[in-house]
>>> print(open('my_file38.pdb').read())   # PDB, C-alpha atoms
MODEL        1
ATOM      1  CA  MET A   1     -14.666-115.693  70.533  1.00  0.00           C
ATOM      2  CA  SER A   2     -13.235-112.214  71.092  1.00  0.00           C
ATOM      3  CA  THR A   3     -10.640-110.853  68.767  1.00  0.00           C
ATOM      4  CA  ASN A   4      -7.847-108.685  70.101  1.00  0.00           C
ATOM      5  CA  LYS A   5      -7.091-106.085  67.454  1.00  0.00           C
ATOM      6  CA  SER A   6      -4.188-103.793  67.994  1.00  0.00           C
ATOM      7  CA  HIS A   7      -4.928-100.220  67.116  1.00  0.00           C
ATOM      8  CA  SER A   8      -2.357 -98.673  64.842  1.00  0.00           C
ATOM      9  CA  SER A   9      -2.346 -95.310  66.534  1.00  0.00           C
ATOM     10  CA  THR A  10       0.764 -93.246  66.991  1.00  0.00           C
ATOM     11  CA  PRO A  11       2.355 -93.433  70.431  1.00  0.00           C
ATOM     12  CA  ASN A  12       2.188 -90.259  72.505  1.00  0.00           C
ATOM     13  CA  ASN A  13       5.958 -89.980  72.698  1.00  0.00           C
ATOM     14  CA  VAL A  14       6.466 -89.683  68.924  1.00  0.00           C
ATOM     15  CA  LEU A  15       7.497 -86.216  67.760  1.00  0.00           C
ATOM     16  CA  LYS A  16       5.134 -84.956  65.083  1.00  0.00           C
ATOM     17  CA  ILE A  17       6.969 -82.797  62.600  1.00  0.00           C
ATOM     18  CA  GLY A  18       4.902 -80.531  60.417  1.00  0.00           C
ATOM     19  CA  THR A  19       5.687 -77.782  57.988  1.00  0.00           C
ATOM     20  CA  PHE A  20       4.388 -74.343  57.134  1.00  0.00           C
ATOM     21  CA  THR A  21       4.971 -71.946  54.266  1.00  0.00           C
ATOM     22  CA  CYS A  22       6.480 -68.576  55.144  1.00  0.00           C
ATOM     23  CA  THR A  23       4.055 -65.734  54.396  1.00  0.00           C
ATOM     24  CA  TRP A  24       6.939 -63.431  53.421  1.00  0.00           C
ATOM     25  CA  CYS A  25       9.547 -65.422  51.449  1.00  0.00           C
ATOM     26  CA  GLY A  26       7.540 -68.565  50.578  1.00  0.00           C
ATOM     27  CA  LEU A  27      10.039 -71.024  52.074  1.00  0.00           C
ATOM     28  CA  THR A  28       8.596 -74.340  53.290  1.00  0.00           C
ATOM     29  CA  VAL A  29       9.716 -74.572  56.921  1.00  0.00           C
ATOM     30  CA  SER A  30       9.779 -77.459  59.411  1.00  0.00           C
ATOM     31  CA  THR A  31       7.987 -76.735  62.695  1.00  0.00           C
ATOM     32  CA  VAL A  32      11.022 -78.179  64.514  1.00  0.00           C
ATOM     33  CA  ASP A  33      14.568 -76.804  64.212  1.00  0.00           C
ATOM     34  CA  ARG A  34      17.668 -78.991  63.871  1.00  0.00           C
ATOM     35  CA  ASP A  35      18.007 -79.188  67.672  1.00  0.00           C
ATOM     36  CA  GLY A  36      14.425 -80.423  68.108  1.00  0.00           C
ATOM     37  CA  VAL A  37      13.078 -77.080  69.368  1.00  0.00           C
ATOM     38  CA  ARG A  38       9.582 -76.092  68.147  1.00  0.00           C
ATOM     39  CA  ARG A  39       9.655 -73.080  65.858  1.00  0.00           C
ATOM     40  CA  ASN A  40       6.985 -70.672  64.686  1.00  0.00           C
ATOM     41  CA  HIS A  41       8.981 -68.369  62.429  1.00  0.00           C
ATOM     42  CA  CYS A  42      10.904 -68.714  59.177  1.00  0.00           C
ATOM     43  CA  PRO A  43      14.629 -69.403  59.720  1.00  0.00           C
ATOM     44  CA  SER A  44      15.486 -67.551  56.509  1.00  0.00           C
ATOM     45  CA  CYS A  45      13.687 -64.190  56.908  1.00  0.00           C
ATOM     46  CA  LEU A  46      12.479 -64.533  60.570  1.00  0.00           C
ATOM     47  CA  HIS A  47       8.883 -63.586  59.658  1.00  0.00           C
ATOM     48  CA  SER A  48       6.014 -65.288  61.465  1.00  0.00           C
ATOM     49  CA  GLN A  49       2.237 -65.408  61.115  1.00  0.00           C
ATOM     50  CA  HIS A  50      -0.245 -64.317  63.766  1.00  0.00           C
ATOM     51  CA  VAL A  51      -1.970 -67.612  64.575  1.00  0.00           C
ATOM     52  CA  LEU A  52      -1.991 -67.467  68.411  1.00  0.00           C
ATOM     53  CA  ASP A  53      -3.724 -64.848  70.512  1.00  0.00           C
ATOM     54  CA  HIS A  54      -1.117 -64.201  73.207  1.00  0.00           C
ATOM     55  CA  ILE A  55      -3.375 -61.830  75.136  1.00  0.00           C
ATOM     56  CA  GLU A  56      -6.485 -64.014  75.472  1.00  0.00           C
ATOM     57  CA  GLY A  57      -4.908 -67.387  74.695  1.00  0.00           C
ATOM     58  CA  GLY A  58      -5.975 -69.829  72.024  1.00  0.00           C
ATOM     59  CA  ALA A  59      -6.114 -69.401  68.269  1.00  0.00           C
ATOM     60  CA  SER A  60      -6.142 -65.982  66.626  1.00  0.00           C
ATOM     61  CA  ASP A  61      -8.437 -65.029  63.766  1.00  0.00           C
ATOM     62  CA  CYS A  62      -5.988 -62.343  62.607  1.00  0.00           C
ATOM     63  CA  HIS A  63      -3.479 -64.397  60.547  1.00  0.00           C
ATOM     64  CA  GLY A  64      -1.511 -61.231  59.791  1.00  0.00           C
ATOM     65  CA  ARG A  65       2.139 -61.282  58.803  1.00  0.00           C
ATOM     66  CA  MET A  66       4.516 -60.663  61.705  1.00  0.00           C
ATOM     67  CA  PRO A  67       7.900 -59.211  60.696  1.00  0.00           C
ATOM     68  CA  PRO A  68      10.787 -59.261  63.177  1.00  0.00           C
ATOM     69  CA  ILE A  69      11.243 -55.846  64.788  1.00  0.00           C
ATOM     70  CA  ALA A  70      13.830 -56.478  67.519  1.00  0.00           C
ATOM     71  CA  ILE A  71      16.044 -58.986  69.293  1.00  0.00           C
ATOM     72  CA  ALA A  72      15.891 -59.230  73.086  1.00  0.00           C
ATOM     73  CA  MET A  73      17.309 -61.361  75.855  1.00  0.00           C
ATOM     74  CA  HIS A  74      14.803 -63.074  78.130  1.00  0.00           C
ATOM     75  CA  ARG A  75      15.524 -63.079  81.870  1.00  0.00           C
ATOM     76  CA  THR A  76      16.391 -66.793  81.487  1.00  0.00           C
ATOM     77  CA  GLY A  77      19.229 -65.854  79.144  1.00  0.00           C
ATOM     78  CA  GLU A  78      17.473 -67.058  75.987  1.00  0.00           C
ATOM     79  CA  TRP A  79      17.621 -64.793  72.934  1.00  0.00           C
ATOM     80  CA  MET A  80      14.197 -63.876  71.591  1.00  0.00           C
ATOM     81  CA  VAL A  81      12.904 -62.502  68.284  1.00  0.00           C
ATOM     82  CA  ILE A  82      10.246 -59.830  68.832  1.00  0.00           C
ATOM     83  CA  HIS A  83       7.514 -59.746  66.170  1.00  0.00           C
ATOM     84  CA  ARG A  84       4.750 -57.181  65.563  1.00  0.00           C
ATOM     85  CA  CYS A  85       1.616 -58.076  63.607  1.00  0.00           C
ATOM     86  CA  VAL A  86       1.080 -55.780  60.603  1.00  0.00           C
ATOM     87  CA  ARG A  87      -2.736 -56.104  60.937  1.00  0.00           C
ATOM     88  CA  CYS A  88      -3.439 -55.712  64.661  1.00  0.00           C
ATOM     89  CA  ASP A  89      -0.071 -54.526  66.128  1.00  0.00           C
ATOM     90  CA  GLU A  90       0.111 -57.364  68.701  1.00  0.00           C
ATOM     91  CA  LEU A  91       3.666 -58.052  69.905  1.00  0.00           C
ATOM     92  CA  THR A  92       5.048 -61.542  70.480  1.00  0.00           C
ATOM     93  CA  SER A  93       8.412 -62.968  71.460  1.00  0.00           C
ATOM     94  CA  ASN A  94       9.761 -66.232  70.111  1.00  0.00           C
ATOM     95  CA  GLN A  95      12.959 -68.074  70.963  1.00  0.00           C
ATOM     96  CA  VAL A  96      15.829 -67.729  68.480  1.00  0.00           C
ATOM     97  CA  CYS A  97      16.490 -71.112  66.855  1.00  0.00           C
ATOM     98  CA  ALA A  98      19.933 -72.533  66.135  1.00  0.00           C
ATOM     99  CA  ASP A  99      19.426 -72.455  62.361  1.00  0.00           C
ATOM    100  CA  ASP A 100      17.996 -68.912  62.139  1.00  0.00           C
ATOM    101  CA  ASN A 101      19.647 -66.634  59.569  1.00  0.00           C
ATOM    102  CA  GLN A 102      22.458 -64.982  61.541  1.00  0.00           C
ATOM    103  CA  LEU A 103      22.721 -62.020  59.168  1.00  0.00           C
ATOM    104  CA  ILE A 104      19.019 -61.158  59.618  1.00  0.00           C
ATOM    105  CA  LEU A 105      19.355 -61.634  63.393  1.00  0.00           C
ATOM    106  CA  MET A 106      22.311 -59.223  63.495  1.00  0.00           C
ATOM    107  CA  ARG A 107      20.586 -56.683  61.230  1.00  0.00           C
ATOM    108  CA  THR A 108      17.510 -56.747  63.453  1.00  0.00           C
ATOM    109  CA  ALA A 109      19.610 -56.408  66.621  1.00  0.00           C
ATOM    110  CA  VAL A 110      21.595 -53.374  65.420  1.00  0.00           C
ATOM    111  CA  ARG A 111      18.714 -51.553  63.690  1.00  0.00           C
ATOM    112  CA  PRO A 112      18.058 -49.269  66.706  1.00  0.00           C
ATOM    113  CA  LEU A 113      21.721 -48.198  66.682  1.00  0.00           C
ATOM    114  CA  ALA A 114      21.847 -47.718  62.915  1.00  0.00           C
ATOM    115  CA  GLN A 115      18.516 -45.857  62.725  1.00  0.00           C
ATOM    116  CA  PRO A 116      17.954 -44.121  66.078  1.00  0.00           C
ATOM    117  CA  PRO A 117      14.615 -42.344  66.653  1.00  0.00           C
ATOM    118  CA  PHE A 118      16.446 -39.038  67.218  1.00  0.00           C
ATOM    119  CA  PRO A 119      19.255 -37.174  65.432  1.00  0.00           C
ATOM    120  CA  LEU A 120      22.689 -38.318  66.593  1.00  0.00           C
ATOM    121  CA  GLU A 121      23.877 -34.699  66.343  1.00  0.00           C
ATOM    122  CA  SER A 122      21.928 -33.963  69.547  1.00  0.00           C
ATOM    123  CA  PHE A 123      24.672 -35.798  71.502  1.00  0.00           C
ATOM    124  CA  GLY A 124      27.163 -33.137  70.477  1.00  0.00           C
ATOM    125  CA  ASP A 125      25.229 -30.553  72.524  1.00  0.00           C
ATOM    126  CA  LEU A 126      25.409 -32.530  75.781  1.00  0.00           C
TER     127      LEU A 126
ENDMDL
END
>>> encode(input="my_file38.pdb", output="structure tokens")
Amino acid sequence: MSTNKSHSSTPNNVLKIGTFTCTWCGLTVSTVDRDGVRRNHCPSCLHSQHVLDHIEGGASDCHGRMPPIAIAMHRTGEWMVIHRCVRCDELTSNQVCADDNQLILMRTAVRPLAQPPFPLESFGDL
């Protein structure tokens, strides 16, 4: 007599929601934002951790902290947060999530205008 046992495995179409702890502010963060988009940075301080090797693909052994350094618009029209690893200087871009801290996003976006890499007085000579 054969017994048919149903396996209690999770279906492939179930969204698995995990969490991570921000390396900068310590906030426990869901890996999915409120709109269901996967996230890899803290919505409060926008910091990330270097866990993917974007140059060679796969996991990264670096695990350095990645502060936000800029905001950019992708050619698809999506807004992106640009991060730079403090250990290895690798740059990454990650989609802005709906629940990201808008004040930090704005501060990051205007930083080049507020702190230009040259003296603003040089424009007076043009």
>>> resolve_selection(input="my_file38.pdb", expression="the PyMOL selection byres ((chain A and resi 108-124) around 10)", output="list in words")
Leu46, Pro68, Ile69, Ala70, Ile71, Ala72, Val81, Ile82, Gln102, Leu103, Ile104, Leu105, Met106, Arg107, Asp125 and Leu126 of chain A
>>> atom_distance(input="my_file38.pdb", atom1="CA of Gly36 in chain A", atom2="CA of Arg65 in chain A")
24.6 Å
>>> atom_distance(input="my_file38.pdb", atom1="CA of Ser44 in chain A", atom2="CA of Ser60 in chain A")
23.9 Å
>>> residues_around(input="my_file38.pdb", residues="Thr92 in chain A", least_positions_apart="2", cutoff="8 Å", atoms="only C-alpha atoms", output="ChimeraX atom specification")
/A:54,82-84,90,94
>>> atom_distance(input="my_file38.pdb", atom1="CA of Thr31 in chain A", atom2="CA of Leu91 in chain A")
20.5 Å
>>> resolve_selection(input="my_file38.pdb", expression="the PyMOL selection byres ((chain A and resi 20) around 12)", output="JSON, numbers by chain")
{"A": [17, 18, 19, 21, 22, 23, 24, 25, 26, 27, 28, 29, 30, 31, 32, 39, 40, 41, 42, 43, 47, 48, 49, 51]}
>>> closest_residue(input="my_file38.pdb", among="A:Cys62, A:Met73, A:Ala98, A:Cys45", to="Val86 in chain A", atoms="all atoms listed in the file")
A:Cys62
>>> residues_around(input="my_file38.pdb", residues="Arg87 in chain A", least_positions_apart="2", cutoff="7 Å", atoms="all atoms listed in the file", output="list in words")
Gly64, Cys85 and Asp89 of chain A
>>> build_atoms(input="my_file38.pdb", residues="range 31-45 of chain A", atoms="N, CA, C and O atoms", output="short mmCIF file (atom, residue, chain, number, x, y, z; two decimals), in the coordinates of the input")
data_model
loop_
_atom_site.label_atom_id
_atom_site.label_comp_id
_atom_site.auth_asym_id
_atom_site.auth_seq_id
_atom_site.Cartn_x
_atom_site.Cartn_y
_atom_site.Cartn_z
N THR A 31 8.42 -77.31 61.42
CA THR A 31 7.99 -76.74 62.70
C THR A 31 8.95 -77.07 63.83
O THR A 31 8.74 -76.64 64.96
N VAL A 32 10.01 -77.82 63.53
CA VAL A 32 11.02 -78.18 64.51
C VAL A 32 12.38 -77.83 63.93
O VAL A 32 12.68 -78.16 62.78
N ASP A 33 13.24 -77.14 64.72
CA ASP A 33 14.57 -76.80 64.21
C ASP A 33 15.50 -78.01 64.33
O ASP A 33 15.10 -79.07 64.81
N ARG A 34 16.74 -77.86 63.90
CA ARG A 34 17.67 -78.99 63.87
C ARG A 34 18.01 -79.53 65.25
O ARG A 34 18.49 -80.65 65.39
N ASP A 35 17.76 -78.74 66.30
CA ASP A 35 18.01 -79.19 67.67
C ASP A 35 16.76 -79.78 68.33
O ASP A 35 16.77 -80.10 69.51
N GLY A 36 15.66 -79.86 67.58
CA GLY A 36 14.42 -80.42 68.11
C GLY A 36 13.52 -79.42 68.81
O GLY A 36 12.54 -79.79 69.42
N VAL A 37 13.87 -78.13 68.73
CA VAL A 37 13.08 -77.08 69.37
C VAL A 37 11.95 -76.66 68.42
O VAL A 37 12.17 -76.48 67.23
N ARG A 38 10.73 -76.53 68.96
CA ARG A 38 9.58 -76.09 68.15
C ARG A 38 9.82 -74.67 67.67
O ARG A 38 10.29 -73.83 68.40
N ARG A 39 9.48 -74.42 66.41
CA ARG A 39 9.65 -73.08 65.86
C ARG A 39 8.32 -72.59 65.29
O ARG A 39 7.48 -73.37 64.92
N ASN A 40 8.18 -71.26 65.27
CA ASN A 40 6.98 -70.67 64.69
C ASN A 40 7.33 -69.48 63.80
O ASN A 40 6.49 -68.64 63.55
N HIS A 41 8.58 -69.42 63.35
CA HIS A 41 8.98 -68.37 62.43
C HIS A 41 9.93 -68.95 61.39
O HIS A 41 10.52 -70.01 61.60
N CYS A 42 10.05 -68.27 60.28
CA CYS A 42 10.90 -68.71 59.18
C CYS A 42 12.37 -68.53 59.56
O CYS A 42 12.77 -67.44 59.98
N PRO A 43 13.22 -69.55 59.39
CA PRO A 43 14.63 -69.40 59.72
C PRO A 43 15.38 -68.54 58.71
O PRO A 43 16.46 -68.04 59.02
N SER A 44 14.82 -68.33 57.55
CA SER A 44 15.49 -67.55 56.51
C SER A 44 15.26 -66.05 56.67
O SER A 44 16.20 -65.27 56.70
N CYS A 45 13.99 -65.63 56.83
CA CYS A 45 13.69 -64.19 56.91
C CYS A 45 13.17 -63.77 58.29
O CYS A 45 12.94 -62.58 58.53
#
